Each structure stands twice: as structure tokens, then as C-alpha cells.
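Source file my_file-v4.txt; content: compact mmCIF, C-alpha atoms.
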# COMPACT_ATOMS: atom_id res chain seq x y z
CA MET A 1 -102.36 31.17 -57.15
CA ALA A 2 -101.29 31.31 -60.79
CA ASP A 3 -98.00 33.03 -60.01
CA ASP A 4 -97.09 30.50 -57.35
CA THR A 5 -97.80 27.43 -59.45
CA GLN A 6 -96.21 28.37 -62.78
CA LEU A 7 -93.25 26.12 -61.99
CA LEU A 8 -95.53 23.12 -61.49
CA PRO A 9 -95.94 21.18 -64.76
CA PRO A 10 -99.57 20.49 -65.73
CA VAL A 11 -100.74 16.92 -66.03
CA GLU A 12 -101.75 16.05 -69.58
CA ALA A 13 -105.27 14.66 -69.86
CA ASP A 14 -104.05 11.37 -71.30
CA ALA A 15 -100.99 10.97 -69.08
CA PRO A 16 -100.76 7.69 -67.16
CA ARG A 17 -101.47 8.14 -63.47
CA LEU A 18 -99.34 6.63 -60.74
CA THR A 19 -101.50 7.00 -57.66
CA ARG A 20 -99.79 8.20 -54.50
CA THR A 21 -101.79 7.53 -51.32
CA ILE A 22 -101.03 9.76 -48.33
CA ALA A 23 -102.53 9.34 -44.87
CA ILE A 24 -102.90 12.61 -42.98
CA ALA A 25 -102.59 11.50 -39.40
CA ASN A 26 -102.08 12.66 -35.85
CA GLN A 27 -103.63 10.98 -32.83
CA LYS A 28 -104.10 14.39 -31.23
CA GLY A 29 -107.24 16.32 -32.12
CA GLY A 30 -107.36 19.99 -33.01
CA VAL A 31 -104.06 20.13 -34.89
CA GLY A 32 -105.44 21.13 -38.29
CA LYS A 33 -105.51 17.63 -39.75
CA THR A 34 -108.83 17.90 -41.56
CA THR A 35 -108.11 21.48 -42.60
CA THR A 36 -104.85 20.29 -44.11
CA ALA A 37 -106.54 17.40 -45.92
CA ILE A 38 -109.20 19.69 -47.45
CA ASN A 39 -106.94 22.54 -48.48
CA LEU A 40 -103.92 20.54 -49.58
CA ALA A 41 -106.23 18.49 -51.80
CA THR A 42 -107.73 21.68 -53.23
CA ALA A 43 -104.31 23.17 -53.93
CA LEU A 44 -103.20 19.96 -55.68
CA ALA A 45 -106.37 19.94 -57.79
CA ALA A 46 -105.71 23.57 -58.72
CA VAL A 47 -102.52 22.49 -60.51
CA ARG A 48 -104.45 19.83 -62.44
CA LYS A 49 -103.72 16.87 -60.23
CA ARG A 50 -106.60 14.41 -60.00
CA VAL A 51 -107.31 14.06 -56.26
CA LEU A 52 -109.49 11.86 -54.07
CA VAL A 53 -110.10 12.66 -50.40
CA ILE A 54 -111.29 9.80 -48.18
CA ASP A 55 -113.01 10.98 -45.01
CA LEU A 56 -112.15 8.24 -42.53
CA ASP A 57 -113.01 10.27 -39.43
CA PRO A 58 -116.42 9.42 -37.88
CA GLN A 59 -116.87 13.12 -37.12
CA GLY A 60 -117.12 13.66 -40.88
CA ASN A 61 -115.57 17.11 -40.80
CA ALA A 62 -113.85 16.75 -44.17
CA SER A 63 -117.21 15.93 -45.75
CA THR A 64 -118.77 18.99 -44.12
CA GLY A 65 -115.80 21.11 -45.18
CA PHE A 66 -116.52 20.28 -48.81
CA GLY A 67 -120.16 21.32 -48.38
CA LEU A 68 -121.69 17.84 -48.16
CA PRO A 69 -124.28 17.76 -45.34
CA ARG A 70 -124.91 14.52 -43.47
CA ALA A 71 -128.40 14.16 -44.92
CA LYS A 72 -126.95 13.97 -48.44
CA ARG A 73 -124.23 11.40 -47.75
CA GLY A 74 -124.97 8.03 -49.30
CA VAL A 75 -122.42 5.26 -49.44
CA GLY A 76 -119.00 6.25 -48.20
CA SER A 77 -115.84 5.18 -46.41
CA TYR A 78 -117.73 2.80 -44.09
CA ASP A 79 -119.12 0.89 -47.06
CA LEU A 80 -115.69 0.91 -48.68
CA LEU A 81 -114.12 -0.67 -45.59
CA PHE A 82 -116.69 -3.45 -45.48
CA GLY A 83 -116.69 -4.24 -49.17
CA THR A 84 -120.23 -3.19 -50.05
CA THR A 85 -119.14 -0.49 -52.50
CA THR A 86 -116.20 0.50 -54.68
CA VAL A 87 -114.11 3.64 -55.03
CA VAL A 88 -115.92 4.51 -58.26
CA ASP A 89 -119.39 4.05 -56.78
CA SER A 90 -118.73 5.87 -53.51
CA ALA A 91 -116.76 8.89 -54.77
CA VAL A 92 -118.75 12.09 -55.20
CA THR A 93 -117.64 15.18 -57.06
CA THR A 94 -116.97 18.43 -55.21
CA GLU A 95 -117.17 21.99 -56.46
CA VAL A 96 -113.40 21.87 -56.95
CA PRO A 97 -112.67 20.58 -60.47
CA GLY A 98 -110.66 17.36 -60.39
CA LEU A 99 -111.33 16.70 -56.70
CA ASP A 100 -113.58 13.86 -55.52
CA LEU A 101 -114.63 12.87 -52.02
CA ILE A 102 -115.58 9.61 -50.36
CA PRO A 103 -117.62 10.89 -47.41
CA ALA A 104 -117.95 9.66 -43.85
CA SER A 105 -121.36 8.37 -42.85
CA VAL A 106 -122.95 7.95 -39.42
CA ASP A 107 -122.18 4.21 -39.59
CA LEU A 108 -118.45 4.91 -39.46
CA ALA A 109 -118.76 5.58 -35.72
CA GLY A 110 -119.27 1.84 -35.11
CA ALA A 111 -116.59 0.68 -37.55
CA GLU A 112 -113.84 0.34 -34.93
CA LEU A 113 -115.84 -2.30 -33.03
CA GLN A 114 -116.90 -4.12 -36.19
CA LEU A 115 -113.35 -4.26 -37.49
CA VAL A 116 -112.16 -6.11 -34.39
CA GLU A 117 -113.77 -9.31 -35.67
CA ALA A 118 -113.21 -8.68 -39.39
CA VAL A 119 -111.00 -10.93 -41.51
CA ARG A 120 -107.71 -9.18 -42.41
CA ARG A 121 -108.98 -6.22 -40.47
CA GLU A 122 -105.85 -4.10 -41.01
CA TYR A 123 -106.00 -4.46 -44.81
CA ARG A 124 -109.63 -3.58 -45.55
CA LEU A 125 -108.96 -0.13 -46.95
CA ARG A 126 -105.85 -1.24 -48.79
CA SER A 127 -107.80 -3.98 -50.57
CA ALA A 128 -110.55 -1.52 -51.50
CA LEU A 129 -108.14 1.04 -52.93
CA ARG A 130 -105.62 -1.05 -54.83
CA PRO A 131 -105.80 -1.03 -57.80
CA HIS A 132 -109.20 0.65 -57.88
CA ALA A 133 -107.97 4.20 -57.24
CA ASP A 134 -105.74 4.35 -60.29
CA GLY A 135 -107.75 7.19 -61.84
CA TYR A 136 -106.21 9.60 -59.31
CA ASP A 137 -102.79 11.17 -58.91
CA TYR A 138 -103.24 11.57 -55.16
CA VAL A 139 -105.47 9.92 -52.59
CA LEU A 140 -105.49 11.82 -49.27
CA ILE A 141 -106.93 9.97 -46.28
CA ASP A 142 -108.21 12.14 -43.43
CA CYS A 143 -107.68 9.95 -40.36
CA PRO A 144 -109.52 10.16 -37.04
CA PRO A 145 -107.71 11.68 -34.04
CA SER A 146 -106.74 8.31 -32.60
CA LEU A 147 -104.46 5.37 -33.32
CA GLY A 148 -107.24 2.77 -33.57
CA LEU A 149 -108.18 0.40 -36.37
CA LEU A 150 -109.41 3.13 -38.71
CA THR A 151 -106.07 4.92 -38.60
CA LEU A 152 -104.28 1.57 -38.83
CA ASN A 153 -106.22 0.82 -42.02
CA ALA A 154 -105.17 4.17 -43.44
CA LEU A 155 -101.50 3.62 -42.60
CA THR A 156 -101.57 0.12 -44.08
CA ALA A 157 -103.15 1.44 -47.29
CA ALA A 158 -100.89 4.48 -47.62
CA ASP A 159 -97.60 5.01 -49.40
CA ALA A 160 -96.70 7.79 -46.97
CA VAL A 161 -97.82 9.73 -43.91
CA LEU A 162 -98.18 13.49 -43.63
CA VAL A 163 -98.34 14.73 -40.04
CA PRO A 164 -99.86 18.13 -39.18
CA LEU A 165 -98.26 19.33 -35.95
CA GLN A 166 -99.66 22.19 -33.93
CA CYS A 167 -97.15 24.71 -32.62
CA GLU A 168 -97.78 24.07 -28.93
CA PHE A 169 -95.84 22.90 -25.88
CA TYR A 170 -96.67 19.17 -26.03
CA ALA A 171 -96.18 18.82 -29.79
CA LEU A 172 -93.03 16.70 -29.71
CA GLU A 173 -94.35 14.41 -26.99
CA GLY A 174 -97.36 13.39 -29.07
CA LEU A 175 -95.27 13.15 -32.22
CA SER A 176 -92.88 10.62 -30.70
CA HIS A 177 -95.84 8.34 -29.94
CA LEU A 178 -97.10 8.63 -33.52
CA MET A 179 -93.64 7.94 -34.94
CA ARG A 180 -93.39 4.74 -32.89
CA THR A 181 -96.80 3.67 -34.21
CA ILE A 182 -95.73 4.35 -37.80
CA GLU A 183 -92.62 2.25 -37.27
CA ARG A 184 -94.69 -0.62 -35.87
CA VAL A 185 -97.05 -0.44 -38.85
CA ARG A 186 -94.08 -0.46 -41.20
CA LYS A 187 -92.68 -3.59 -39.59
CA ALA A 188 -95.93 -5.50 -39.24
CA PHE A 189 -98.19 -4.46 -42.13
CA ASN A 190 -96.70 -2.03 -44.64
CA PRO A 191 -92.92 -2.14 -45.16
CA ALA A 192 -93.10 0.50 -47.90
CA LEU A 193 -94.69 3.17 -45.67
CA GLU A 194 -92.72 6.43 -45.74
CA MET A 195 -92.76 9.61 -43.71
CA GLN A 196 -93.87 12.14 -46.30
CA GLY A 197 -93.29 15.05 -43.98
CA ILE A 198 -94.38 17.08 -40.98
CA VAL A 199 -96.20 20.37 -41.44
CA LEU A 200 -96.36 22.92 -38.64
CA THR A 201 -99.87 24.31 -38.19
CA MET A 202 -101.58 27.10 -36.23
CA TYR A 203 -98.37 29.11 -36.21
CA ASP A 204 -98.72 32.49 -34.53
CA ARG A 205 -95.83 34.81 -35.33
CA ARG A 206 -96.81 37.03 -32.38
CA ASN A 207 -96.32 34.14 -29.96
CA ASN A 208 -92.79 33.27 -28.85
CA LEU A 209 -93.96 29.72 -28.09
CA SER A 210 -94.69 29.10 -31.78
CA ASP A 211 -91.12 30.07 -32.70
CA MET A 212 -89.71 27.94 -29.92
CA VAL A 213 -91.73 24.85 -30.91
CA ALA A 214 -90.85 25.30 -34.60
CA ARG A 215 -87.13 25.49 -33.79
CA ASP A 216 -87.38 22.49 -31.50
CA VAL A 217 -89.19 20.34 -34.07
CA ARG A 218 -86.75 21.29 -36.84
CA GLN A 219 -83.79 20.58 -34.57
CA HIS A 220 -85.09 17.07 -33.81
CA LEU A 221 -86.46 16.13 -37.23
CA GLY A 222 -84.53 18.22 -39.72
CA ALA A 223 -85.52 17.85 -43.36
CA LYS A 224 -88.68 15.90 -42.52
CA VAL A 225 -90.27 19.20 -41.48
CA TYR A 226 -91.72 21.32 -44.27
CA GLU A 227 -90.39 24.84 -44.70
CA THR A 228 -93.98 26.01 -45.21
CA VAL A 229 -95.88 26.71 -41.99
CA ILE A 230 -99.64 27.15 -41.75
CA PRO A 231 -100.52 30.28 -39.77
CA ARG A 232 -103.42 30.87 -37.45
CA ASN A 233 -105.88 32.61 -39.73
CA VAL A 234 -109.51 33.57 -39.19
CA ARG A 235 -110.40 32.84 -42.83
CA VAL A 236 -109.20 29.24 -42.43
CA SER A 237 -111.47 28.92 -39.39
CA GLU A 238 -114.45 30.47 -41.16
CA ALA A 239 -114.28 28.47 -44.39
CA PRO A 240 -115.71 25.13 -43.09
CA SER A 241 -118.87 26.84 -41.86
CA HIS A 242 -119.49 27.85 -45.47
CA GLY A 243 -118.76 24.33 -46.75
CA LYS A 244 -115.74 25.53 -48.72
CA PRO A 245 -111.97 25.02 -48.68
CA VAL A 246 -110.26 28.27 -47.71
CA LEU A 247 -108.71 28.41 -51.19
CA VAL A 248 -112.25 28.75 -52.57
CA TYR A 249 -113.57 30.90 -49.72
CA ASP A 250 -110.72 33.46 -49.72
CA LEU A 251 -107.76 32.69 -51.94
CA ALA A 252 -105.99 35.91 -50.98
CA SER A 253 -105.89 35.05 -47.27
CA SER A 254 -102.62 34.10 -45.62
CA GLY A 255 -104.00 30.66 -44.75
CA ALA A 256 -104.99 29.90 -48.33
CA GLN A 257 -101.64 31.05 -49.66
CA ALA A 258 -99.84 28.90 -47.10
CA TYR A 259 -101.61 25.80 -48.46
CA VAL A 260 -100.68 26.81 -52.02
CA HIS A 261 -97.04 26.92 -50.93
CA LEU A 262 -97.39 23.62 -49.05
CA ALA A 263 -98.71 21.89 -52.18
CA SER A 264 -95.86 23.32 -54.23
CA GLU A 265 -93.29 22.15 -51.68
CA MET A 266 -94.89 18.70 -51.47
CA LEU A 267 -94.83 18.25 -55.25
CA LYS A 268 -91.16 19.22 -55.33
CA ARG A 269 -90.46 16.59 -52.67
CA GLU A 270 -92.40 14.06 -54.71
CA GLU A 271 -90.34 14.89 -57.80
CA GLN A 272 -87.12 14.43 -55.82
CA ARG A 273 -88.37 11.11 -54.46
CA SER A 274 -89.23 9.86 -57.95
CA ALA A 275 -85.84 10.93 -59.29
CA ALA A 276 -83.89 9.26 -56.48

If you convert what's in this file into C-alpha cells, what do you get?
Amino acid sequence: MADDTQLLPPVEADAPRLTRTIAIANQKGGVGKTTTAINLATALAAVRKRVLVIDLDPQGNASTGFGLPRAKRGVGSYDLLFGTTTVVDSAVTTEVPGLDLIPASVDLAGAELQLVEAVRREYRLRSALRPHADGYDYVLIDCPPSLGLLTLNALTAADAVLVPLQCEFYALEGLSHLMRTIERVRKAFNPALEMQGIVLTMYDRRNNLSDMVARDVRQHLGAKVYETVIPRNVRVSEAPSHGKPVLVYDLASSGAQAYVHLASEMLKREEQRSAA
């Protein structure tokens, strides 16, 4: 990793932090959303960014992927949404230096129904985060595979959206639905919401379909699509069962290195955005 990140300037310990909140969203399940949240966060932390991951998916896979079993999860994203805790009190440290996690609890499964009657239901997460997450450079929100009120809260709280997109036949069809939702959120709740980018996942170089989908997506969306693609890789699949990001489980694997490159590319985009 050291060779790949030499061009990335370290963050001084006393440097002021301007928190950037990114929702990692796709209403389709099984696209590598949680895997991207876990490993992108780890790669950012590896270059001395201070990172917080919020597990907003009732399945709690991001929490499991960082080695936090359900029995050891106390307050978390559910409590944050309903105002019974703060970012500081709910964040737990992970084995990755500089990376904290707000876990998903069992109660999060009922949050969608409870939010229906909540006051300012779309802004609950935004109110909890701002300005209380200012100790972090990046807040990554792992959204559930749906476009319900939990995802809406994430999009309303976020500065930008990162969309993992599986290299499969129906990829563009699902993406168009998500893009319309993002535009509606921008108009109704969060005018500053940006499209951070689209990352192609589960790419199989032996499969002609992967190449065809990648070309199709790039043709339609151009520069919004990251150059980095995340390959199908057995080490990426194995890592969650060990409660580790793949960068910790097997840094030399092609999947881990792809996330290192993705973090590098994302930080370059962020630099360009700031300079614009």
C-alpha cells in the first residue's frame, strides 16, 4: 500500500477537519455496497484520514465486517436517528487506526415504520451528524438495499453519493431509478447533494458481459464512472467471515489493491472539487 499512497499528502494531527459525508447507496442488493463501505473506509484511514462508518443497514453487515458481533453492539445508528445518543457516544473504535464505527442494532429493523410518524423524519440523521461529526475527515454511510426512509435520511445528510454498480445485465436499469431518486432528494431535501461517482464492482475479466456492461455504463455516464474497477475476488468474499476488511485480511490480494486505488482516485477527485 505504501507505494500506491506516496502521492497522497498525510493529514497533520492538528489540521482542521472539514468533514465530507458520503452515502454509499444502491437500492439493489448484492452489488458490493457494504464491501465498498468497509474497504474504502479502511483505505482512507490507511492514508491518515479520520473516518467514521455509519451502518444504516438493518442487516448490520458492515458492523459484522469490522468484527463487531451483534451481542456486543450497544447504542448505534438506531439511537442516533431517534436522538437518544450522540455521534461521540455511539462511535466505537475498530482495529483499523483512525477508523470508527457506529453499528447497526436489532432495533434498526423497525426504524422505517417508526420514522413514518417522526417529526422532520427525513432530517433525523442530518441533525444528528451536523455539526457533531466534525472530528472526522470522512463519514461513510452504508445504506440499506432499498430507497426507503433510512436511505432517504442518508441522502439528506450526505454531501455526496457513491454508487457501487455490479457488472451485470440489469445494471443501468436499476441505476436510472436511483439517479431519479437522487434528483428528487436534491430538489426536495438537500440541494447540495452531489454525485460523487459510480464504481463498477464484481468485475470478471474472463466474462465478456463485464466488459460490455463497463463500456455501456461509461458511454452513458462518462466521467462520473471511476476508472478503478473492483474485481471478483475470493479474498474479498472471505474477509467478512473473519471480521476484517480485505485490506487487513490480505493486503496483497487483487481486491484489496483495487480498494487502495479507489481511495486514491477518490481523494484526487476530492482535491479537484475543492480546487474548482

Check: If you measure from atom CA of Leu80 of chain A to atom CA of Tyr138 of chain A, what distance in Å do you get, rounded to one decimal?
Finding: 17.6 Å

Notebook entry, point to check: What does the distance between atom CA of Val47 of chain A and atom CA of Ala214 of chain A come to in Å, to one decimal place?
Noted result: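 Between these atoms lies a distance of 28.6 Å.
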
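Interatomic distance, atom CA of Gln114 of chain A against atom CA of Pro191 of chain A: 25.7 Å.
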
Next item on the list: In the coordinate frame of the file, compute which residues have an atom within 9 Å of (-104.1, -1.4, -42.6) when using only C-alpha atoms, and state them as JSON, numbers by chain.
Entry: {"A": [120, 121, 122, 123, 124, 125, 126, 149, 150, 151, 152, 153, 154, 155, 156, 157, 158, 185, 189, 190]}

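Applying the 9 Å criterion to (-93.3, 10.0, -42.2) in file coordinates and using all atoms listed in the file, one obtains the residues Ala160, Val161, Leu162, Val163, Met179, Ile182, Leu193, Glu194, Met195, Gln196, Gly197, Ile198 and Lys224 of chain A.
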
Item checked: Nearest candidate to Pro144 of chain A (options A:Val31, A:Val87, A:Ala256, A:Val116; using only C-alpha atoms) -> A:Val31

Next item on the list: Give the answer as one residue: which of A:Val75, A:Met202, A:Ala188, A:Leu165 has the shortest atom-to-atom distance to Gly255 of chain A, using all atoms listed in the file?
Entry: A:Met202

Note to self: Just want the 8 Å neighbourhood of Pro103 of chain A, counted on all atoms listed in the file, with same-chain residues fewer than 4 positions away dropped. Output as a list in words.
What the structure shows: Ile54, Asp55, Leu56, Gly60, Ala62, Ser63, Arg73, Val75, Gly76, Ser77, Ser90, Ala91 and Val92 of chain A

Check: With distances taken over only C-alpha atoms, which of A:Pro97, A:Asp159, A:His220, A:Thr36 is nearest to Leu200 of chain A?
Finding: A:Thr36

Margin query: Applying 8 Å and all atoms listed in the file, which residues near Glu265 of chain A remain after dropping the ones on its own chain fewer than 4 positions away? List them as a list in words.
Written below: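 Here the answer would be Tyr226, Thr228, His261 and Arg269 of chain A.
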
Item checked: Distance query Leu175 of chain A at most 9 Å, only C-alpha atoms, self and fewer than 5 positions along chain excluded, as a list in words -> Asn26, Gln27, Lys28, Val163, Leu165, Tyr170 and Arg180 of chain A

Hey, can you spit out that residue selection with C-alpha atoms as an mmCIF file, in the frame of the given file?
data_model
loop_
_atom_site.group_PDB
_atom_site.id
_atom_site.type_symbol
_atom_site.label_atom_id
_atom_site.label_comp_id
_atom_site.auth_asym_id
_atom_site.auth_seq_id
_atom_site.Cartn_x
_atom_site.Cartn_y
_atom_site.Cartn_z
ATOM 1 C CA ASN A 26 -102.080 12.660 -35.850
ATOM 2 C CA GLN A 27 -103.630 10.980 -32.830
ATOM 3 C CA LYS A 28 -104.100 14.390 -31.230
ATOM 4 C CA VAL A 163 -98.340 14.730 -40.040
ATOM 5 C CA LEU A 165 -98.260 19.330 -35.950
ATOM 6 C CA TYR A 170 -96.670 19.170 -26.030
ATOM 7 C CA ARG A 180 -93.390 4.740 -32.890
#

Next item on the list: Name the closest residue to Pro145 of chain A among the candidates A:Glu270, A:Glu173, A:Asp57, A:Asp79; distances are taken between atoms, counting all atoms listed in the file.
Entry: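 Result for the nearest residue to Pro145 of chain A: A:Asp57.
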